[in-house]
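Each remark here refers to the structure printed beneath this line.
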Amino acid sequence: MSRQTLLISNFTIDVLSGYLNNDASSPQIHSKVAGFEQVMPVLLDSHHPSWKESYDCVVVWTQPENVIVAFQDVIRLKSNSIDQLLNEVDQFARAILQAKTHVSRIFVPTWVAPYYRRDYQLNEGAKASDVIVQMNARLALNFKNESNVHILDTQKWLDAFGANAYSEKLWELGKIPFAQQVFKLAALDIKQVLNALEGQSKKLIIVDLDDTLWGGIVGDDGVEGIILGGQDPVGQALVAFQKALKELKNKGILLGVVSKNDESVALNAIKSHPEMILTVDDFAAWRINWNDKAQNVVDLVNELNIGLDSVVYIDDNPAERVRVKESLHDVLVPDWPSDKTLYAKQLQSMNCFDSVSLSEEDAKRTQMYIEERGRQQAKIEVGSLEQWLDSLDLKIDTEEFDESNVDRVVQLLNKTNQMNLTTRRMTKDELSKWIDQDNRKLWTMRVSDRFGDSGLTGIVSVEINNGVCSIVDFVLSCRVFGRKIEETMLKTVVDYAQLANAKEVKAKYIPTAKNKPCLQFFESSSFNKNSDNVFIRALTQEKILTHD
Amino acid sequence: MITQDNIQESIYQAIDAINETLPADKQITKTEETVLFDASGAIDSLELTLLIVAIEQKIEQNFSARIVLADETTMSAEHSPFRTIKDLTAHIAQLME
């Protein structure tokens, strides 16, 4: 399904439209350009012809000199009032927010100073580039609490092409302010933000060790012989690469290791080399052995309970990369530079890890997987599932939806793919609007056990109409599958439906490429399945057994 | 050595870049006879603008030579050098002599 997108601009933006429309990768976008120089009429007039069609997103990309009148004084070096200018920025931000009545996503690329503008070595504060910084900061401030407005960094796109980012000729002939390739980067970023919003960003980086995380072969060279840190430029570059990986781990991306090595030797290097940035606890899982790497990737991904299409595999060895790429098509295997000084830059140039928000759960994600390792170890020791569950001292706190947990609820709704009944994606505003009806309820589940706190990891919501309680969302993080939390979620619904005198509870499963685990759960539940993926539970049945 | 074939290759590279932004039914075909711009308007003025700039850039990248394709003379010439790819190739070769 294409995301219908309206491009609103005061310059010729058709090139961006072309790139967005021609890129077949997910999510597909079908864009149209609003009338040239129609920025304010389109934003302020909800009956403007541009809104005749319905859109999912808008992109509002403008040149500041044409929407902020006071900025024209700045570029003409006339005296100006910064307060008046920022007041105009506030007005423009309010105009942009009007688009919320039409779309669920608004993208606003930041302003940049016009290419023909020179700063003549003026003092700080008088330069157009300084004023632009203040204007962009003010714009961002206006959108601080707007979860469906996404600011994009235009300067980053321009920096990628240096002096070639602008083409005077394109401007004079076609009112196109930037070189064609700038629009290509913009299109990639817009798609990536959409991917992040829809939970399609990559979640796990699997790295090799020898000549990837450090230089040399630890099995041959010993811990003291590997190249890492010190005065060696390659050693320093590999430290920078590890720091870049750690940064991603801190924002919730999991790290794993697949390496052909002796496990004890490799782990000893990680634990004991004085210049290692990454520690054993930074890795959610590893497979360090002499087996086929593709099989090891599969095993590791299964342990972490995530999809192969969430994985990036990094290895210095081209043959191993080909092996993984050809046998596991869903795994992203980037071409990797042979020059180790380029490793960090290569990793940082990948936008597939982008996310639009950072929650407490993101920051603790690796820790949660480490706790999971403890649980699995306990499982091996304890034996049966029931004994294991008892040994966990599982605690599930069910809470009704409120504003304090809305950000995490929206994040979970938009990121969870596997245990997800309907894969309904919503913005914060859409969710708040949806819940604002008496016949609707949403509960959150916080899960903890003796190994640690998994945080808010489950959501279930219902809508009651004519005595039928329909489950609208049934979402559970893959980290806590199989601990009877699913059953507790159903019990919450059934108890509520009985109190509300509903005659039945209904769950309609909407299949996607990834949510089969949810189907399997409902098939094994006490709900009866009818022919079109609808599961019914008449409320005269016995209550569902739960793990208290 | 700069040949008509080299120049045509530069034009084709520029067309590849422009085609990345054009819908399937408006893609510019890479043949000598392809009509770029005539009274019937094979490609629109925006696409022609993008193509002119892209070709100038490719010529600069490939031959370290700066040419100006869009000026009053060429834009108003009775026999437009932009009519076909063959015409454009010959025109660029002439500019680079």
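Chain labels run A, B, ... following the order of the structure tokens; each chain numbers its residues from 1, and ligands are numbered from 1 in the order shown.
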| At most 12 Å to chain A: residues in chain B, only C-alpha atoms, as JSON, numbers by chain | {"B": [14, 17, 18, 19, 20, 21, 22, 23, 24, 25, 26, 27, 44, 45, 46, 47, 48, 49, 50, 51, 52, 53, 54, 56, 57, 68, 69, 70, 71, 75]}
Writer output for current selection, C-alpha atoms, as a PDB file, in the first residue's frame:
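out31.pdb written:
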```
ATOM      1  CA  ALA B  14      22.834  12.047 -17.759  1.00  0.00           C
ATOM      2  CA  ALA B  17      20.175  10.135 -13.772  1.00  0.00           C
ATOM      3  CA  ILE B  18      17.067  11.913 -15.050  1.00  0.00           C
ATOM      4  CA  ASN B  19      15.199   8.642 -15.589  1.00  0.00           C
ATOM      5  CA  GLU B  20      15.557   7.927 -11.854  1.00  0.00           C
ATOM      6  CA  THR B  21      12.984  10.667 -11.307  1.00  0.00           C
ATOM      7  CA  LEU B  22      10.621  10.013 -14.229  1.00  0.00           C
ATOM      8  CA  PRO B  23       7.584   7.726 -14.230  1.00  0.00           C
ATOM      9  CA  ALA B  24       7.802   4.520 -16.270  1.00  0.00           C
ATOM     10  CA  ASP B  25       5.785   5.936 -19.165  1.00  0.00           C
ATOM     11  CA  LYS B  26       8.005   9.015 -19.466  1.00  0.00           C
ATOM     12  CA  GLN B  27      11.432   7.410 -19.355  1.00  0.00           C
ATOM     13  CA  ASP B  44       8.809  18.917 -20.752  1.00  0.00           C
ATOM     14  CA  SER B  45      10.784  22.029 -19.965  1.00  0.00           C
ATOM     15  CA  LEU B  46      11.605  20.957 -16.407  1.00  0.00           C
ATOM     16  CA  GLU B  47      13.004  17.652 -17.619  1.00  0.00           C
ATOM     17  CA  LEU B  48      14.962  19.445 -20.338  1.00  0.00           C
ATOM     18  CA  THR B  49      16.416  21.789 -17.706  1.00  0.00           C
ATOM     19  CA  LEU B  50      17.489  18.836 -15.566  1.00  0.00           C
ATOM     20  CA  LEU B  51      18.929  17.073 -18.606  1.00  0.00           C
ATOM     21  CA  ILE B  52      20.919  20.103 -19.766  1.00  0.00           C
ATOM     22  CA  VAL B  53      22.462  20.602 -16.333  1.00  0.00           C
ATOM     23  CA  ALA B  54      23.152  16.880 -15.937  1.00  0.00           C
ATOM     24  CA  GLU B  56      27.004  19.765 -18.588  1.00  0.00           C
ATOM     25  CA  GLN B  57      28.069  18.104 -15.321  1.00  0.00           C
ATOM     26  CA  VAL B  68      27.323  25.892 -21.827  1.00  0.00           C
ATOM     27  CA  LEU B  69      24.405  24.119 -23.431  1.00  0.00           C
ATOM     28  CA  ALA B  70      21.667  26.499 -22.463  1.00  0.00           C
ATOM     29  CA  ASP B  71      22.059  29.996 -23.857  1.00  0.00           C
ATOM     30  CA  MET B  75      17.299  27.898 -26.902  1.00  0.00           C
TER      31      MET B  75
END
```
| Could you write out, as a PyMOL selection string, all the residues of stretch 442-522 of chain A that DSSP marks as strand (DSSP E or B)? | chain A and resi 442-449+452-465+468-476+504-508
| message | Which residues are close to stretch 496-510 of chain A, i.e. within 6 Å by only C-alpha atoms, leaving aside same-chain residues fewer than 3 positions away? Reply as an MDAnalysis selection string. | response | chainID A and resid 421:422 467:471 493 533:539
Can I get the selection written as a JSON list (two decimals), in the first residue's frame, with all heavy atoms?
```
[["chain", "number", "residue", "atom", "x", "y", "z"],
["A", 421, "LEU", "N", -2.07, -8.74, 16.60],
["A", 421, "LEU", "CA", -3.30, -9.27, 15.99],
["A", 421, "LEU", "C", -3.67, -8.54, 14.70],
["A", 421, "LEU", "O", -4.03, -9.16, 13.70],
["A", 421, "LEU", "CB", -4.45, -9.13, 17.00],
["A", 421, "LEU", "CG", -5.80, -9.71, 16.60],
["A", 421, "LEU", "CD1", -5.75, -11.24, 16.58],
["A", 421, "LEU", "CD2", -6.90, -9.25, 17.56],
["A", 422, "THR", "N", -3.57, -7.22, 14.72],
["A", 422, "THR", "CA", -4.07, -6.44, 13.57],
["A", 422, "THR", "C", -3.00, -5.56, 12.94],
["A", 422, "THR", "O", -3.23, -4.97, 11.90],
["A", 422, "THR", "CB", -5.23, -5.54, 14.01],
["A", 422, "THR", "OG1", -4.78, -4.69, 15.08],
["A", 422, "THR", "CG2", -6.42, -6.35, 14.48],
["A", 467, "GLY", "N", -23.09, -5.61, 22.34],
["A", 467, "GLY", "CA", -22.84, -6.79, 23.15],
["A", 467, "GLY", "C", -21.65, -7.62, 22.70],
["A", 467, "GLY", "O", -21.38, -8.68, 23.26],
["A", 468, "VAL", "N", -20.94, -7.16, 21.69],
["A", 468, "VAL", "CA", -19.75, -7.90, 21.23],
["A", 468, "VAL", "C", -18.51, -7.09, 21.61],
["A", 468, "VAL", "O", -18.39, -5.91, 21.26],
["A", 468, "VAL", "CB", -19.77, -8.12, 19.70],
["A", 468, "VAL", "CG1", -18.49, -8.81, 19.25],
["A", 468, "VAL", "CG2", -21.00, -8.93, 19.30],
["A", 469, "CYS", "N", -17.64, -7.76, 22.34],
["A", 469, "CYS", "CA", -16.39, -7.10, 22.75],
["A", 469, "CYS", "C", -15.30, -7.51, 21.75],
["A", 469, "CYS", "O", -14.85, -8.66, 21.75],
["A", 469, "CYS", "CB", -16.03, -7.54, 24.17],
["A", 469, "CYS", "SG", -14.49, -6.84, 24.76],
["A", 470, "SER", "N", -14.92, -6.59, 20.89],
["A", 470, "SER", "CA", -13.93, -6.91, 19.85],
["A", 470, "SER", "C", -12.55, -6.48, 20.31],
["A", 470, "SER", "O", -12.36, -5.34, 20.74],
["A", 470, "SER", "CB", -14.26, -6.17, 18.55],
["A", 470, "SER", "OG", -15.54, -6.53, 18.12],
["A", 471, "ILE", "N", -11.60, -7.42, 20.19],
["A", 471, "ILE", "CA", -10.21, -7.07, 20.51],
["A", 471, "ILE", "C", -9.65, -6.31, 19.30],
["A", 471, "ILE", "O", -9.63, -6.83, 18.18],
["A", 471, "ILE", "CB", -9.37, -8.32, 20.81],
["A", 471, "ILE", "CG1", -9.97, -9.07, 22.00],
["A", 471, "ILE", "CG2", -7.92, -7.94, 21.08],
["A", 471, "ILE", "CD1", -9.22, -10.36, 22.35],
["A", 493, "VAL", "N", -9.28, -9.06, 29.09],
["A", 493, "VAL", "CA", -10.36, -8.71, 28.17],
["A", 493, "VAL", "C", -11.66, -9.42, 28.57],
["A", 493, "VAL", "O", -12.73, -8.81, 28.63],
["A", 493, "VAL", "CB", -9.96, -9.09, 26.72],
["A", 493, "VAL", "CG1", -11.16, -8.96, 25.79],
["A", 493, "VAL", "CG2", -8.83, -8.22, 26.24],
["A", 533, "ASN", "N", -10.47, -16.30, 9.89],
["A", 533, "ASN", "CA", -9.52, -15.76, 10.87],
["A", 533, "ASN", "C", -10.17, -14.94, 11.99],
["A", 533, "ASN", "O", -9.56, -14.04, 12.54],
["A", 533, "ASN", "CB", -8.45, -14.91, 10.18],
["A", 533, "ASN", "CG", -7.42, -15.76, 9.49],
["A", 533, "ASN", "OD1", -7.25, -16.93, 9.83],
["A", 533, "ASN", "ND2", -6.76, -15.20, 8.51],
["A", 534, "VAL", "N", -11.43, -15.26, 12.26],
["A", 534, "VAL", "CA", -12.09, -14.61, 13.39],
["A", 534, "VAL", "C", -12.18, -15.62, 14.53],
["A", 534, "VAL", "O", -12.60, -16.76, 14.33],
["A", 534, "VAL", "CB", -13.50, -14.11, 13.01],
["A", 534, "VAL", "CG1", -14.22, -13.56, 14.23],
["A", 534, "VAL", "CG2", -13.40, -13.05, 11.92],
["A", 535, "PHE", "N", -11.77, -15.20, 15.70],
["A", 535, "PHE", "CA", -11.78, -16.07, 16.88],
["A", 535, "PHE", "C", -12.84, -15.54, 17.84],
["A", 535, "PHE", "O", -12.89, -14.35, 18.13],
["A", 535, "PHE", "CB", -10.41, -16.07, 17.56],
["A", 535, "PHE", "CG", -9.34, -16.68, 16.71],
["A", 535, "PHE", "CD1", -8.67, -15.92, 15.75],
["A", 535, "PHE", "CD2", -9.01, -18.02, 16.84],
["A", 535, "PHE", "CE1", -7.69, -16.48, 14.96],
["A", 535, "PHE", "CE2", -8.03, -18.60, 16.05],
["A", 535, "PHE", "CZ", -7.36, -17.83, 15.11],
["A", 536, "ILE", "N", -13.70, -16.47, 18.28],
["A", 536, "ILE", "CA", -14.83, -16.08, 19.13],
["A", 536, "ILE", "C", -14.73, -16.79, 20.48],
["A", 536, "ILE", "O", -14.41, -17.97, 20.53],
["A", 536, "ILE", "CB", -16.18, -16.48, 18.48],
["A", 536, "ILE", "CG1", -16.30, -15.90, 17.07],
["A", 536, "ILE", "CG2", -17.36, -16.08, 19.37],
["A", 536, "ILE", "CD1", -16.70, -14.45, 17.01],
["A", 537, "ARG", "N", -15.08, -16.08, 21.52],
["A", 537, "ARG", "CA", -15.17, -16.70, 22.84],
["A", 537, "ARG", "C", -16.52, -16.29, 23.43],
["A", 537, "ARG", "O", -16.73, -15.11, 23.75],
["A", 537, "ARG", "CB", -14.01, -16.19, 23.69],
["A", 537, "ARG", "CG", -14.12, -16.46, 25.17],
["A", 537, "ARG", "CD", -13.83, -17.92, 25.50],
["A", 537, "ARG", "NE", -14.16, -18.17, 26.89],
["A", 537, "ARG", "CZ", -13.31, -18.05, 27.89],
["A", 537, "ARG", "NH1", -12.08, -17.69, 27.65],
["A", 537, "ARG", "NH2", -13.70, -18.30, 29.12],
["A", 538, "ALA", "N", -17.44, -17.26, 23.51],
["A", 538, "ALA", "CA", -18.72, -16.96, 24.15],
["A", 538, "ALA", "C", -18.49, -16.86, 25.65],
["A", 538, "ALA", "O", -17.68, -17.60, 26.21],
["A", 538, "ALA", "CB", -19.72, -18.07, 23.83],
["A", 539, "LEU", "N", -19.16, -15.95, 26.29],
["A", 539, "LEU", "CA", -18.80, -15.67, 27.67],
["A", 539, "LEU", "C", -19.43, -16.62, 28.68],
["A", 539, "LEU", "O", -19.27, -16.43, 29.89],
["A", 539, "LEU", "CB", -19.12, -14.22, 28.02],
["A", 539, "LEU", "CG", -18.18, -13.27, 27.30],
["A", 539, "LEU", "CD1", -18.48, -11.83, 27.68],
["A", 539, "LEU", "CD2", -16.73, -13.59, 27.60]]
```
| task | Between atom CA of A:Ile277 and atom CA of A:Ser355, measure the distance and give it in Å to one decimal. | result | 23.6 Å
| said: Just checking: using only C-alpha atoms, which residue out of A:Gln387, A:Ser81, A:Gln200, A:Ser454 ends up closest to A:Ile370? | reply: A:Ser454
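Atom pair atom CA of A:Val69 / atom CA of A:Lys144 has a distance of 23.8 Å (rounded to one decimal).
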| field | Near-A:Thr110 list (7 Å; only C-alpha atoms; drop same-chain fewer than 5 positions) as an MDAnalysis selection string | value | chainID A and resid 136 151:154
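Residues with any atom within 10 Å of A:Phe36, counting only C-alpha atoms and excluding same-chain neighbours fewer than 3 positions away, are Ile8, Ser9, Asn10, Phe11, Thr12, Ile13, Val33 and Val39 of chain A.
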| field | Every residue of stretch 177-216 of chain A that DSSP places in alpha helix (DSSP H), as a PyMOL selection string | value | chain A and resi 180-197
For the selection you just gave me, I'd like the residues written to a file as a CSV table (one decimal), in the first residue's frame, keeping N, CA and C atoms.
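Wrote it out as selection-v2.csv, contents follow:
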```csv
chain,number,residue,atom,x,y,z
A,180,GLN,N,20.3,17.8,-8.1
A,180,GLN,CA,19.4,16.7,-8.2
A,180,GLN,C,19.7,15.6,-7.1
A,181,GLN,N,20.9,15.3,-6.8
A,181,GLN,CA,21.3,14.3,-5.9
A,181,GLN,C,20.8,14.6,-4.4
A,182,VAL,N,20.7,15.9,-4.2
A,182,VAL,CA,20.3,16.3,-2.8
A,182,VAL,C,18.8,15.8,-2.6
A,183,PHE,N,18.0,15.9,-3.6
A,183,PHE,CA,16.6,15.4,-3.5
A,183,PHE,C,16.6,13.9,-3.3
A,184,LYS,N,17.6,13.2,-3.9
A,184,LYS,CA,17.7,11.7,-3.7
A,184,LYS,C,17.9,11.4,-2.3
A,185,LEU,N,18.8,12.1,-1.6
A,185,LEU,CA,19.1,11.9,-0.2
A,185,LEU,C,17.8,12.2,0.6
A,186,ALA,N,17.2,13.3,0.3
A,186,ALA,CA,16.0,13.7,1.0
A,186,ALA,C,14.9,12.6,0.9
A,187,ALA,N,14.7,12.0,-0.3
A,187,ALA,CA,13.8,10.9,-0.5
A,187,ALA,C,14.1,9.7,0.4
A,188,LEU,N,15.4,9.4,0.4
A,188,LEU,CA,15.9,8.2,1.2
A,188,LEU,C,15.6,8.5,2.7
A,189,ASP,N,15.8,9.7,3.2
A,189,ASP,CA,15.6,10.0,4.6
A,189,ASP,C,14.1,10.0,4.9
A,190,ILE,N,13.3,10.5,4.0
A,190,ILE,CA,11.8,10.5,4.3
A,190,ILE,C,11.3,9.0,4.4
A,191,LYS,N,11.8,8.2,3.5
A,191,LYS,CA,11.4,6.8,3.6
A,191,LYS,C,11.9,6.1,4.8
A,192,GLN,N,13.1,6.5,5.2
A,192,GLN,CA,13.7,5.9,6.4
A,192,GLN,C,12.9,6.3,7.7
A,193,VAL,N,12.5,7.5,7.7
A,193,VAL,CA,11.7,7.9,8.9
A,193,VAL,C,10.4,7.2,8.9
A,194,LEU,N,9.8,7.0,7.8
A,194,LEU,CA,8.6,6.3,7.7
A,194,LEU,C,8.8,4.8,8.2
A,195,ASN,N,9.9,4.3,7.7
A,195,ASN,CA,10.3,2.9,8.1
A,195,ASN,C,10.4,2.8,9.6
A,196,ALA,N,11.1,3.8,10.2
A,196,ALA,CA,11.3,3.9,11.6
A,196,ALA,C,10.0,4.0,12.4
A,197,LEU,N,9.1,4.8,11.8
A,197,LEU,CA,7.8,5.0,12.5
A,197,LEU,C,6.9,3.7,12.4
```
